[in-house]
file target.pdb (PDB, C-alpha atoms and all ligand atoms)
MODEL        1
ATOM      1  CA  MET A   1      44.588 128.281 -56.666
ATOM      2  CA  ALA A   2      41.815 128.706 -54.077
ATOM      3  CA  THR A   3      42.163 126.922 -50.708
ATOM      4  CA  ALA A   4      39.626 126.499 -47.915
ATOM      5  CA  LEU A   5      40.015 128.193 -44.544
ATOM      6  CA  HIS A   6      37.939 127.053 -41.544
ATOM      7  CA  PHE A   7      37.098 130.094 -39.443
ATOM      8  CA  THR A   8      35.062 131.264 -36.463
ATOM      9  CA  LYS A   9      33.420 134.677 -36.286
ATOM     10  CA  GLY A  10      33.367 136.317 -32.853
ATOM     11  CA  HIS A  11      33.001 139.692 -31.195
ATOM     12  CA  GLY A  12      33.505 141.601 -27.952
ATOM     13  CA  THR A  13      30.967 144.420 -27.530
ATOM     14  CA  GLY A  14      30.492 144.506 -31.299
ATOM     15  CA  ASN A  15      34.203 144.697 -32.170
ATOM     16  CA  ASP A  16      34.249 141.707 -34.522
ATOM     17  CA  PHE A  17      36.931 139.294 -35.651
ATOM     18  CA  VAL A  18      37.580 136.349 -37.932
ATOM     19  CA  LEU A  19      39.560 133.731 -35.999
ATOM     20  CA  TYR A  20      41.322 130.687 -37.373
ATOM     21  CA  SER A  21      43.607 128.042 -36.034
ATOM     22  CA  ASP A  22      47.185 127.557 -37.243
ATOM     23  CA  PRO A  23      49.101 126.062 -34.273
ATOM     24  CA  GLU A  24      52.159 125.034 -36.306
ATOM     25  CA  GLY A  25      52.470 128.314 -38.230
ATOM     26  CA  GLU A  26      51.713 126.810 -41.619
ATOM     27  CA  ARG A  27      49.108 129.349 -42.749
ATOM     28  CA  PRO A  28      49.876 132.991 -42.162
ATOM     29  CA  LEU A  29      47.738 135.138 -44.478
ATOM     30  CA  SER A  30      48.870 137.982 -46.721
ATOM     31  CA  PRO A  31      47.614 141.545 -46.053
ATOM     32  CA  GLY A  32      45.466 141.225 -49.214
ATOM     33  CA  GLN A  33      43.837 138.003 -47.991
ATOM     34  CA  ILE A  34      43.130 139.575 -44.593
ATOM     35  CA  ALA A  35      41.558 142.659 -46.183
ATOM     36  CA  SER A  36      39.371 140.378 -48.357
ATOM     37  CA  LEU A  37      38.163 138.387 -45.347
ATOM     38  CA  CYS A  38      37.313 141.608 -43.465
ATOM     39  CA  ASP A  39      35.466 143.206 -46.388
ATOM     40  CA  ARG A  40      31.843 143.667 -45.273
ATOM     41  CA  HIS A  41      30.461 143.443 -48.819
ATOM     42  CA  PHE A  42      32.648 140.901 -50.573
ATOM     43  CA  GLY A  43      34.016 138.925 -47.605
ATOM     44  CA  ILE A  44      32.962 137.672 -44.171
ATOM     45  CA  GLY A  45      33.210 141.171 -42.700
ATOM     46  CA  ALA A  46      35.210 141.998 -39.568
ATOM     47  CA  ASP A  47      37.307 144.642 -37.810
ATOM     48  CA  GLY A  48      40.266 142.288 -37.678
ATOM     49  CA  VAL A  49      41.692 138.784 -38.119
ATOM     50  CA  ILE A  50      43.210 136.687 -35.337
ATOM     51  CA  ARG A  51      45.443 133.724 -36.088
ATOM     52  CA  ALA A  52      45.735 131.184 -33.249
ATOM     53  CA  VAL A  53      49.374 130.125 -33.467
ATOM     54  CA  LYS A  54      51.747 128.646 -30.901
ATOM     55  CA  SER A  55      54.308 131.228 -29.730
ATOM     56  CA  LYS A  56      57.188 128.902 -30.676
ATOM     57  CA  ASN A  57      55.881 128.764 -34.266
ATOM     58  CA  LEU A  58      55.077 132.467 -34.807
ATOM     59  CA  ASN A  59      56.061 133.579 -38.288
ATOM     60  CA  THR A  60      55.060 136.057 -40.989
ATOM     61  CA  LEU A  61      54.557 135.865 -44.706
ATOM     62  CA  ARG A  62      56.992 138.006 -46.694
ATOM     63  CA  SER A  63      55.725 139.716 -49.848
ATOM     64  CA  ASP A  64      57.725 137.215 -51.970
ATOM     65  CA  GLY A  65      55.771 134.367 -50.304
ATOM     66  CA  ALA A  66      58.588 133.222 -47.984
ATOM     67  CA  LEU A  67      57.706 132.303 -44.388
ATOM     68  CA  ILE A  68      60.025 134.004 -41.905
ATOM     69  CA  PRO A  69      60.183 133.386 -38.131
ATOM     70  CA  ASP A  70      58.844 136.297 -36.056
ATOM     71  CA  PRO A  71      60.992 136.972 -32.939
ATOM     72  CA  ALA A  72      57.888 138.224 -31.053
ATOM     73  CA  GLY A  73      56.996 134.565 -30.410
ATOM     74  CA  ALA A  74      60.329 133.789 -28.733
ATOM     75  CA  SER A  75      60.123 137.074 -26.769
ATOM     76  CA  ALA A  76      56.719 136.066 -25.416
ATOM     77  CA  LEU A  77      58.144 132.735 -24.203
ATOM     78  CA  THR A  78      61.128 134.481 -22.622
ATOM     79  CA  GLU A  79      58.771 136.870 -20.813
ATOM     80  CA  ASP A  80      56.574 133.995 -19.609
ATOM     81  CA  SER A  81      57.244 130.372 -20.530
ATOM     82  CA  ALA A  82      53.524 129.638 -19.925
ATOM     83  CA  ALA A  83      52.543 131.791 -22.932
ATOM     84  CA  GLU A  84      52.116 128.783 -25.219
ATOM     85  CA  TRP A  85      49.581 130.530 -27.489
ATOM     86  CA  PHE A  86      50.135 133.777 -29.360
ATOM     87  CA  MET A  87      47.446 136.185 -30.591
ATOM     88  CA  ASP A  88      48.621 137.072 -34.106
ATOM     89  CA  TYR A  89      46.431 140.145 -34.689
ATOM     90  CA  TYR A  90      45.740 142.022 -37.953
ATOM     91  CA  ASN A  91      43.575 145.078 -38.628
ATOM     92  CA  ALA A  92      40.906 145.034 -41.361
ATOM     93  CA  ASP A  93      43.314 146.595 -43.887
ATOM     94  CA  GLY A  94      45.840 143.791 -43.310
ATOM     95  CA  SER A  95      48.203 145.829 -41.114
ATOM     96  CA  LEU A  96      49.615 144.371 -37.902
ATOM     97  CA  SER A  97      48.746 145.596 -34.447
ATOM     98  CA  GLU A  98      50.565 144.864 -31.236
ATOM     99  CA  MET A  99      47.488 144.320 -29.097
ATOM    100  CA  CYS A 100      43.690 144.111 -29.102
ATOM    101  CA  GLY A 101      41.757 144.300 -25.828
ATOM    102  CA  ASN A 102      38.472 142.942 -27.199
ATOM    103  CA  GLY A 103      40.182 140.480 -29.515
ATOM    104  CA  ILE A 104      42.192 138.827 -26.745
ATOM    105  CA  ARG A 105      39.030 137.989 -24.768
ATOM    106  CA  VAL A 106      37.397 136.562 -27.888
ATOM    107  CA  TYR A 107      40.618 134.688 -28.615
ATOM    108  CA  ALA A 108      40.605 133.112 -25.128
ATOM    109  CA  LYS A 109      36.998 132.020 -25.659
ATOM    110  CA  TYR A 110      37.957 130.570 -29.058
ATOM    111  CA  LEU A 111      40.874 128.572 -27.560
ATOM    112  CA  LEU A 112      38.548 127.300 -24.858
ATOM    113  CA  GLU A 113      35.584 126.394 -27.103
ATOM    114  CA  SER A 114      37.716 124.757 -29.768
ATOM    115  CA  GLY A 115      39.486 122.613 -27.170
ATOM    116  CA  LEU A 116      42.902 124.122 -27.898
ATOM    117  CA  ALA A 117      43.311 125.220 -24.266
ATOM    118  CA  VAL A 118      41.630 124.686 -20.917
ATOM    119  CA  ILE A 119      40.709 127.820 -18.944
ATOM    120  CA  ASN A 120      38.330 126.834 -16.149
ATOM    121  CA  PRO A 121      36.305 129.558 -14.404
ATOM    122  CA  GLY A 122      38.674 131.312 -12.016
ATOM    123  CA  ASP A 123      41.755 130.149 -13.976
ATOM    124  CA  THR A 124      44.270 132.516 -15.550
ATOM    125  CA  MET A 125      46.045 131.907 -18.840
ATOM    126  CA  ALA A 126      49.067 133.750 -20.299
ATOM    127  CA  ILE A 127      48.780 134.759 -23.971
ATOM    128  CA  GLY A 128      51.594 136.179 -26.102
ATOM    129  CA  THR A 129      50.998 139.373 -28.087
ATOM    130  CA  ARG A 130      53.327 141.767 -29.893
ATOM    131  CA  GLY A 131      52.601 144.222 -27.052
ATOM    132  CA  GLY A 132      53.830 141.710 -24.437
ATOM    133  CA  VAL A 133      52.321 138.749 -22.573
ATOM    134  CA  ARG A 134      48.815 139.305 -21.180
ATOM    135  CA  ASP A 135      47.155 137.303 -18.389
ATOM    136  CA  LEU A 136      43.490 136.452 -18.930
ATOM    137  CA  THR A 137      41.166 135.271 -16.191
ATOM    138  CA  ASN A 138      37.974 133.365 -16.947
ATOM    139  CA  SER A 139      35.413 134.922 -14.629
ATOM    140  CA  GLY A 140      32.477 132.740 -15.713
ATOM    141  CA  ASN A 141      30.574 134.640 -18.401
ATOM    142  CA  ASN A 142      33.262 137.305 -18.856
ATOM    143  CA  PHE A 143      37.013 137.475 -19.303
ATOM    144  CA  GLN A 144      39.312 139.858 -17.477
ATOM    145  CA  VAL A 145      42.620 140.860 -19.064
ATOM    146  CA  ASP A 146      45.535 142.248 -17.111
ATOM    147  CA  MET A 147      46.719 144.771 -19.692
ATOM    148  CA  GLY A 148      49.977 145.255 -17.801
ATOM    149  CA  ARG A 149      51.924 148.511 -17.578
ATOM    150  CA  TRP A 150      50.787 151.569 -19.531
ATOM    151  CA  ARG A 151      52.495 154.852 -20.337
ATOM    152  CA  PHE A 152      51.882 158.366 -21.588
ATOM    153  CA  ASP A 153      53.390 158.330 -25.065
ATOM    154  CA  GLY A 154      53.108 160.518 -28.130
ATOM    155  CA  GLY A 155      52.691 163.876 -26.384
ATOM    156  CA  GLU A 156      49.578 166.016 -26.773
ATOM    157  CA  PRO A 157      48.895 166.313 -30.515
ATOM    158  CA  LEU A 158      46.143 168.562 -31.845
ATOM    159  CA  VAL A 159      43.324 166.443 -33.241
ATOM    160  CA  ARG A 160      40.972 167.508 -36.017
ATOM    161  CA  VAL A 161      37.834 165.392 -36.353
ATOM    162  CA  LYS A 162      35.300 165.960 -39.120
ATOM    163  CA  GLY A 163      32.022 167.170 -37.605
ATOM    164  CA  VAL A 164      33.703 168.593 -34.491
ATOM    165  CA  ALA A 165      33.926 172.381 -34.742
ATOM    166  CA  VAL A 166      37.403 173.088 -33.392
ATOM    167  CA  GLN A 167      40.694 171.213 -33.123
ATOM    168  CA  ARG A 168      41.233 169.703 -29.666
ATOM    169  CA  PRO A 169      44.378 168.684 -27.847
ATOM    170  CA  GLY A 170      44.603 164.934 -27.396
ATOM    171  CA  ILE A 171      46.756 162.903 -25.054
ATOM    172  CA  GLY A 172      48.943 160.039 -26.240
ATOM    173  CA  ILE A 173      48.705 156.805 -24.226
ATOM    174  CA  ASN A 174      50.309 153.469 -25.019
ATOM    175  CA  VAL A 175      48.742 150.284 -23.642
ATOM    176  CA  GLY A 176      50.766 147.975 -25.877
ATOM    177  CA  ASN A 177      49.417 149.807 -28.930
ATOM    178  CA  PRO A 178      49.208 153.579 -29.523
ATOM    179  CA  HIS A 179      46.172 155.745 -28.700
ATOM    180  CA  VAL A 180      45.289 159.424 -28.681
ATOM    181  CA  VAL A 181      42.347 160.344 -26.430
ATOM    182  CA  VAL A 182      40.368 163.552 -26.947
ATOM    183  CA  ALA A 183      37.793 165.021 -24.513
ATOM    184  CA  LEU A 184      34.648 166.500 -26.043
ATOM    185  CA  SER A 185      32.205 168.765 -24.199
ATOM    186  CA  HIS A 186      28.858 166.995 -24.483
ATOM    187  CA  ASP A 187      26.922 164.099 -25.996
ATOM    188  CA  ALA A 188      25.749 166.068 -29.058
ATOM    189  CA  GLU A 189      29.358 166.821 -29.967
ATOM    190  CA  LEU A 190      30.276 163.143 -29.617
ATOM    191  CA  ASP A 191      27.253 162.050 -31.673
ATOM    192  CA  GLY A 192      28.046 164.646 -34.375
ATOM    193  CA  ALA A 193      31.626 163.436 -34.993
ATOM    194  CA  ASP A 194      32.036 161.933 -38.458
ATOM    195  CA  LEU A 195      34.431 159.035 -38.011
ATOM    196  CA  THR A 196      34.112 157.839 -41.601
ATOM    197  CA  PHE A 197      37.112 160.173 -42.053
ATOM    198  CA  VAL A 198      40.475 159.495 -40.404
ATOM    199  CA  PRO A 199      41.072 162.024 -37.561
ATOM    200  CA  GLN A 200      44.067 164.232 -38.372
ATOM    201  CA  LEU A 201      46.852 164.472 -35.783
ATOM    202  CA  ASP A 202      49.274 167.386 -35.595
ATOM    203  CA  PRO A 203      52.036 166.346 -35.307
ATOM    204  CA  ALA A 204      51.280 163.051 -37.017
ATOM    205  CA  THR A 205      52.868 159.901 -35.592
ATOM    206  CA  PRO A 206      54.711 157.648 -38.074
ATOM    207  CA  GLU A 207      53.103 154.461 -36.707
ATOM    208  CA  GLY A 208      49.605 156.051 -36.661
ATOM    209  CA  ALA A 209      47.253 155.885 -33.689
ATOM    210  CA  ASN A 210      43.814 154.801 -32.621
ATOM    211  CA  VAL A 211      41.788 157.907 -31.727
ATOM    212  CA  GLU A 212      39.194 157.891 -28.933
ATOM    213  CA  LEU A 213      36.614 160.639 -28.420
ATOM    214  CA  VAL A 214      35.332 160.824 -24.861
ATOM    215  CA  VAL A 215      32.533 162.561 -22.964
ATOM    216  CA  MET A 216      32.201 162.381 -19.185
ATOM    217  CA  ARG A 217      28.846 161.210 -17.857
ATOM    218  CA  ASP A 218      26.879 163.354 -15.404
ATOM    219  CA  PRO A 219      27.681 162.613 -12.609
ATOM    220  CA  MET A 220      31.169 161.601 -13.672
ATOM    221  CA  VAL A 221      31.501 159.328 -10.625
ATOM    222  CA  LYS A 222      28.654 157.132  -9.397
ATOM    223  CA  ASP A 223      29.072 154.744  -6.455
ATOM    224  CA  GLY A 224      32.842 155.204  -6.675
ATOM    225  CA  VAL A 225      33.008 154.251 -10.370
ATOM    226  CA  GLY A 226      33.949 156.775 -13.066
ATOM    227  CA  GLN A 227      31.615 156.866 -16.077
ATOM    228  CA  ILE A 228      32.398 157.941 -19.623
ATOM    229  CA  ARG A 229      31.049 157.496 -23.149
ATOM    230  CA  MET A 230      33.455 156.833 -25.998
ATOM    231  CA  ARG A 231      33.608 156.509 -29.775
ATOM    232  CA  VAL A 232      36.711 155.331 -31.588
ATOM    233  CA  HIS A 233      38.446 155.484 -34.948
ATOM    234  CA  GLU A 234      40.757 152.481 -35.078
ATOM    235  CA  ARG A 235      44.027 152.567 -36.955
ATOM    236  CA  GLY A 236      43.687 150.187 -39.888
ATOM    237  CA  SER A 237      39.966 149.491 -39.385
ATOM    238  CA  GLY A 238      38.034 152.806 -39.240
ATOM    239  CA  GLU A 239      35.172 153.444 -36.829
ATOM    240  CA  THR A 240      34.332 150.329 -34.806
ATOM    241  CA  LEU A 241      31.580 149.653 -32.248
ATOM    242  CA  SER A 242      34.178 149.175 -29.523
ATOM    243  CA  CYS A 243      37.923 149.042 -28.880
ATOM    244  CA  GLY A 244      39.170 147.413 -25.684
ATOM    245  CA  THR A 245      42.607 148.996 -25.628
ATOM    246  CA  GLY A 246      40.912 152.315 -26.543
ATOM    247  CA  VAL A 247      38.513 151.964 -23.613
ATOM    248  CA  VAL A 248      41.488 151.460 -21.277
ATOM    249  CA  ALA A 249      43.326 154.475 -22.744
ATOM    250  CA  ALA A 250      40.144 156.595 -22.439
ATOM    251  CA  ALA A 251      39.685 155.694 -18.759
ATOM    252  CA  LEU A 252      43.362 156.432 -18.027
ATOM    253  CA  ALA A 253      43.186 159.808 -19.809
ATOM    254  CA  THR A 254      39.962 160.801 -18.041
ATOM    255  CA  ARG A 255      41.367 159.871 -14.635
ATOM    256  CA  HIS A 256      44.413 162.012 -15.459
ATOM    257  CA  TRP A 257      42.241 164.993 -16.464
ATOM    258  CA  ALA A 258      40.031 164.587 -13.367
ATOM    259  CA  GLY A 259      43.095 164.903 -11.094
ATOM    260  CA  ALA A 260      43.623 163.878  -7.472
ATOM    261  CA  GLY A 261      40.833 161.809  -5.968
ATOM    262  CA  ALA A 262      39.622 160.422  -9.323
ATOM    263  CA  PRO A 263      38.530 156.777  -9.063
ATOM    264  CA  ASN A 264      40.512 153.726 -10.167
ATOM    265  CA  SER A 265      37.413 151.911 -11.452
ATOM    266  CA  TRP A 266      35.683 153.004 -14.631
ATOM    267  CA  ARG A 267      32.690 151.957 -16.695
ATOM    268  CA  VAL A 268      33.080 152.917 -20.360
ATOM    269  CA  GLU A 269      30.069 152.940 -22.676
ATOM    270  CA  VAL A 270      30.771 152.337 -26.350
ATOM    271  CA  PRO A 271      28.289 151.974 -29.231
ATOM    272  CA  GLY A 272      28.497 148.160 -28.886
ATOM    273  CA  GLY A 273      28.008 147.897 -25.111
ATOM    274  CA  SER A 274      30.004 148.639 -22.006
ATOM    275  CA  LEU A 275      33.342 147.552 -20.521
ATOM    276  CA  ALA A 276      34.957 147.821 -17.091
ATOM    277  CA  VAL A 277      38.450 149.169 -16.425
ATOM    278  CA  ARG A 278      40.382 148.992 -13.150
ATOM    279  CA  MET A 279      43.776 150.438 -12.260
ATOM    280  CA  PHE A 280      45.626 148.592  -9.498
ATOM    281  CA  PRO A 281      49.093 148.625  -7.907
ATOM    282  CA  THR A 282      51.592 145.814  -8.469
ATOM    283  CA  GLU A 283      55.230 145.324  -7.441
ATOM    284  CA  GLU A 284      56.427 146.602 -10.832
ATOM    285  CA  GLY A 285      54.104 149.635 -10.843
ATOM    286  CA  GLU A 286      50.481 150.291 -11.764
ATOM    287  CA  HIS A 287      48.657 147.822 -13.998
ATOM    288  CA  VAL A 288      45.282 148.258 -15.630
ATOM    289  CA  SER A 289      42.676 145.589 -16.321
ATOM    290  CA  LEU A 290      39.806 145.306 -18.780
ATOM    291  CA  SER A 291      36.694 143.134 -18.267
ATOM    292  CA  GLY A 292      33.914 142.376 -20.672
ATOM    293  CA  PRO A 293      32.080 139.799 -22.721
ATOM    294  CA  ALA A 294      33.392 137.588 -25.510
ATOM    295  CA  GLU A 295      31.031 135.911 -27.972
ATOM    296  CA  LEU A 296      31.537 133.352 -30.718
ATOM    297  CA  VAL A 297      28.781 133.764 -33.313
ATOM    298  CA  PHE A 298      29.260 131.282 -36.159
ATOM    299  CA  THR A 299      31.756 129.076 -37.926
ATOM    300  CA  GLY A 300      32.279 128.550 -41.630
ATOM    301  CA  ILE A 301      34.625 127.691 -44.456
ATOM    302  CA  VAL A 302      35.797 130.335 -46.881
ATOM    303  CA  GLU A 303      37.674 129.950 -50.157
ATOM    304  CA  LEU A 304      40.867 132.004 -50.167
ATOM    305  CA  ALA A 305      42.498 133.191 -53.344
TER     306      ALA A 305
HETATM  307  N1  LIG A 401      39.987 146.651 -31.503
HETATM  308  C1  LIG A 401      41.153 146.532 -30.737
HETATM  309  C2  LIG A 401      42.372 147.244 -31.207
HETATM  310  C3  LIG A 401      42.848 146.679 -32.528
HETATM  311  C4  LIG A 401      44.162 147.218 -32.993
HETATM  312  C5  LIG A 401      44.140 148.660 -33.341
HETATM  313  N2  LIG A 401      43.285 148.978 -34.447
HETATM  314  C6  LIG A 401      45.581 149.106 -33.653
HETATM  315  O1  LIG A 401      45.952 149.252 -34.813
HETATM  316  O2  LIG A 401      46.342 149.298 -32.693
HETATM  317  C7  LIG A 401      40.916 146.545 -29.257
HETATM  318  O3  LIG A 401      39.853 146.053 -28.836
HETATM  319  O4  LIG A 401      41.800 146.914 -28.492
ENDMDL
END

call {"tool": "encode", "arguments": {"input": "target.pdb", "output": "structure tokens", "more": "lines below"}}
Ligand SMILES: N[C@@H](CCC[C@H](N)C(=O)O)C(=O)O
result
Amino acid sequence: MATALHFTKGHGTGNDFVLYSDPEGERPLSPGQIASLCDRHFGIGADGVIRAVKSKNLNTLRSDGALIPDPAGASALTEDSAAEWFMDYYNADGSLSEMCGNGIRVYAKYLLESGLAVINPGDTMAIGTRGGVRDLTNSGNNFQVDMGRWRFDGGEPLVRVKGVAVQRPGIGINVGNPHVVVALSHDAELDGADLTFVPQLDPATPEGANVELVVMRDPMVKDGVGQIRMRVHERGSGETLSCGTGVVAAALATRHWAGAGAPNSWRVEVPGGSLAVRMFPTEEGEHVSLSGPAELVFTGIVELA
């Protein structure tokens, strides 16, 4: 039986999402339904699906159709009791991801515009994710996300990318979700990469990884801000026009490669626009933030099988 789903389409620097509201946790979708919604020919078309659900009601749909509570919701509330809303994020192939840096800004805008939450300019709101609670600040026309602690993770696998002549060493960085960042030599090499194929990692990681290809701008630092260009192959979604967590991982990797004296503010250009990254000290160690636009484009109703 087909049922109707009210949705909103949104994007952050061209990384696009289907968002829908399910505060009580009555409508989690199956991986097949998510893949159908994201299909660019037979569905709405998107890089991912975001379900707006209250943290206390977070659940998942088992393959036999049973709804089971997801402990990530309770964990979010334990971490921060203010994290009333949870970003339940799925890639275009229906797989789960822990975190989405563009999606969370679009999600905040969706909560705001649909009257589900109030985030006045200058206000900060805590949102639960499977990668931990994230604080979002409404800075007027943009949103800034405190992406929290980050870590080197996953070693330095060799990365083979179609269209790039030789294998390159990457660097594994986790910002809630897993990334491998690879430095390329120049713009032509970045433009020549064929990201319709999944980059091959050696050794492969069981949970997979998002792979970012990066080129430093010339000069690499302008007015105290580091500048890089990036393309990305997202786990579960393929090449996208932007990836917020990938942008953060790329800035962290480039600062690491640049060594002592490298800046803590970065501007990262992606095919869909540009995003700002800032590393800053906190009592619990260094945090990193991501700032950029969030747009809601249209709403609609879709019939779900
Ligand atoms: N587009 C996102 C990342 C989405 C999840 C990613 N594909 C994964 O599987 O970890 C972003 O803006 O961060």

call {"tool": "resolve_selection", "arguments": {"input": "target.pdb", "expression": "the PyMOL selection byres (((chain A and resi 120-126) around 7) and not hetatm)", "output": "number ranges by chain"}}
result
A: 82-83, 118-119, 127-128, 133-140

call {"tool": "resolve_selection", "arguments": {"input": "target.pdb", "expression": "the PyMOL selection byres (((chain A and resi 221-236) around 6) and not hetatm)", "output": "PyMOL selection string"}}
result
chain A and resi 91+93+209-217+219-220+237-239+265-270

call {"tool": "closest_residue", "arguments": {"input": "target.pdb", "among": "A:Gly148, A:Gly163, A:Gly14, A:Gly208", "to": "A:Met279", "atoms": "only C-alpha atoms"}}
result
A:Gly148

call {"tool": "residues_near_ligand", "arguments": {"input": "target.pdb", "ligand": "ligand LIG 401 (chain A)", "cutoff": "10 Å", "atoms": "only C-alpha atoms and all ligand atoms", "output": "PyMOL selection string"}}
result
chain A and resi 11-17+47-49+89-93+95-106+131+174-179+207-211+232-249

call {"tool": "write_last_selection", "arguments": {"input": "target.pdb", "atoms": "C-alpha atoms", "output": "JSON list (two decimals), in the coordinates of the input"}}
result
[["chain", "number", "residue", "atom", "x", "y", "z"],
["A", 11, "HIS", "CA", 33.00, 139.69, -31.20],
["A", 12, "GLY", "CA", 33.51, 141.60, -27.95],
["A", 13, "THR", "CA", 30.97, 144.42, -27.53],
["A", 14, "GLY", "CA", 30.49, 144.51, -31.30],
["A", 15, "ASN", "CA", 34.20, 144.70, -32.17],
["A", 16, "ASP", "CA", 34.25, 141.71, -34.52],
["A", 17, "PHE", "CA", 36.93, 139.29, -35.65],
["A", 47, "ASP", "CA", 37.31, 144.64, -37.81],
["A", 48, "GLY", "CA", 40.27, 142.29, -37.68],
["A", 49, "VAL", "CA", 41.69, 138.78, -38.12],
["A", 89, "TYR", "CA", 46.43, 140.15, -34.69],
["A", 90, "TYR", "CA", 45.74, 142.02, -37.95],
["A", 91, "ASN", "CA", 43.58, 145.08, -38.63],
["A", 92, "ALA", "CA", 40.91, 145.03, -41.36],
["A", 93, "ASP", "CA", 43.31, 146.60, -43.89],
["A", 95, "SER", "CA", 48.20, 145.83, -41.11],
["A", 96, "LEU", "CA", 49.62, 144.37, -37.90],
["A", 97, "SER", "CA", 48.75, 145.60, -34.45],
["A", 98, "GLU", "CA", 50.56, 144.86, -31.24],
["A", 99, "MET", "CA", 47.49, 144.32, -29.10],
["A", 100, "CYS", "CA", 43.69, 144.11, -29.10],
["A", 101, "GLY", "CA", 41.76, 144.30, -25.83],
["A", 102, "ASN", "CA", 38.47, 142.94, -27.20],
["A", 103, "GLY", "CA", 40.18, 140.48, -29.52],
["A", 104, "ILE", "CA", 42.19, 138.83, -26.74],
["A", 105, "ARG", "CA", 39.03, 137.99, -24.77],
["A", 106, "VAL", "CA", 37.40, 136.56, -27.89],
["A", 131, "GLY", "CA", 52.60, 144.22, -27.05],
["A", 174, "ASN", "CA", 50.31, 153.47, -25.02],
["A", 175, "VAL", "CA", 48.74, 150.28, -23.64],
["A", 176, "GLY", "CA", 50.77, 147.98, -25.88],
["A", 177, "ASN", "CA", 49.42, 149.81, -28.93],
["A", 178, "PRO", "CA", 49.21, 153.58, -29.52],
["A", 179, "HIS", "CA", 46.17, 155.74, -28.70],
["A", 207, "GLU", "CA", 53.10, 154.46, -36.71],
["A", 208, "GLY", "CA", 49.60, 156.05, -36.66],
["A", 209, "ALA", "CA", 47.25, 155.88, -33.69],
["A", 210, "ASN", "CA", 43.81, 154.80, -32.62],
["A", 211, "VAL", "CA", 41.79, 157.91, -31.73],
["A", 232, "VAL", "CA", 36.71, 155.33, -31.59],
["A", 233, "HIS", "CA", 38.45, 155.48, -34.95],
["A", 234, "GLU", "CA", 40.76, 152.48, -35.08],
["A", 235, "ARG", "CA", 44.03, 152.57, -36.96],
["A", 236, "GLY", "CA", 43.69, 150.19, -39.89],
["A", 237, "SER", "CA", 39.97, 149.49, -39.38],
["A", 238, "GLY", "CA", 38.03, 152.81, -39.24],
["A", 239, "GLU", "CA", 35.17, 153.44, -36.83],
["A", 240, "THR", "CA", 34.33, 150.33, -34.81],
["A", 241, "LEU", "CA", 31.58, 149.65, -32.25],
["A", 242, "SER", "CA", 34.18, 149.18, -29.52],
["A", 243, "CYS", "CA", 37.92, 149.04, -28.88],
["A", 244, "GLY", "CA", 39.17, 147.41, -25.68],
["A", 245, "THR", "CA", 42.61, 149.00, -25.63],
["A", 246, "GLY", "CA", 40.91, 152.32, -26.54],
["A", 247, "VAL", "CA", 38.51, 151.96, -23.61],
["A", 248, "VAL", "CA", 41.49, 151.46, -21.28],
["A", 249, "ALA", "CA", 43.33, 154.48, -22.74]]

call {"tool": "atom_distance", "arguments": {"input": "target.pdb", "atom1": "atom CA of A:Val18", "atom2": "atom CA of A:Gly292"}}
result
18.6 Å

call {"tool": "closest_residue", "arguments": {"input": "target.pdb", "among": "A:Pro263, A:Gly273, A:Gly170, A:Gly132", "to": "A:Ala294", "atoms": "all atoms listed in the file"}}
result
A:Gly273

call {"tool": "resolve_selection", "arguments": {"input": "target.pdb", "expression": "the PyMOL selection byres (((chain A and resi 113) around 12) and not hetatm)", "output": "list in words"}}
result
Thr8, Gly10, Val106, Tyr107, Ala108, Lys109, Tyr110, Leu111, Leu112, Ser114, Gly115, Leu116, Ala117, Val118, Ile119, Asn120, Ala294, Glu295, Leu296, Val297 and Thr299 of chain A

call {"tool": "atom_distance", "arguments": {"input": "target.pdb", "atom1": "atom CA of A:Thr254", "atom2": "atom CA of A:Pro206"}}
result
25.1 Å
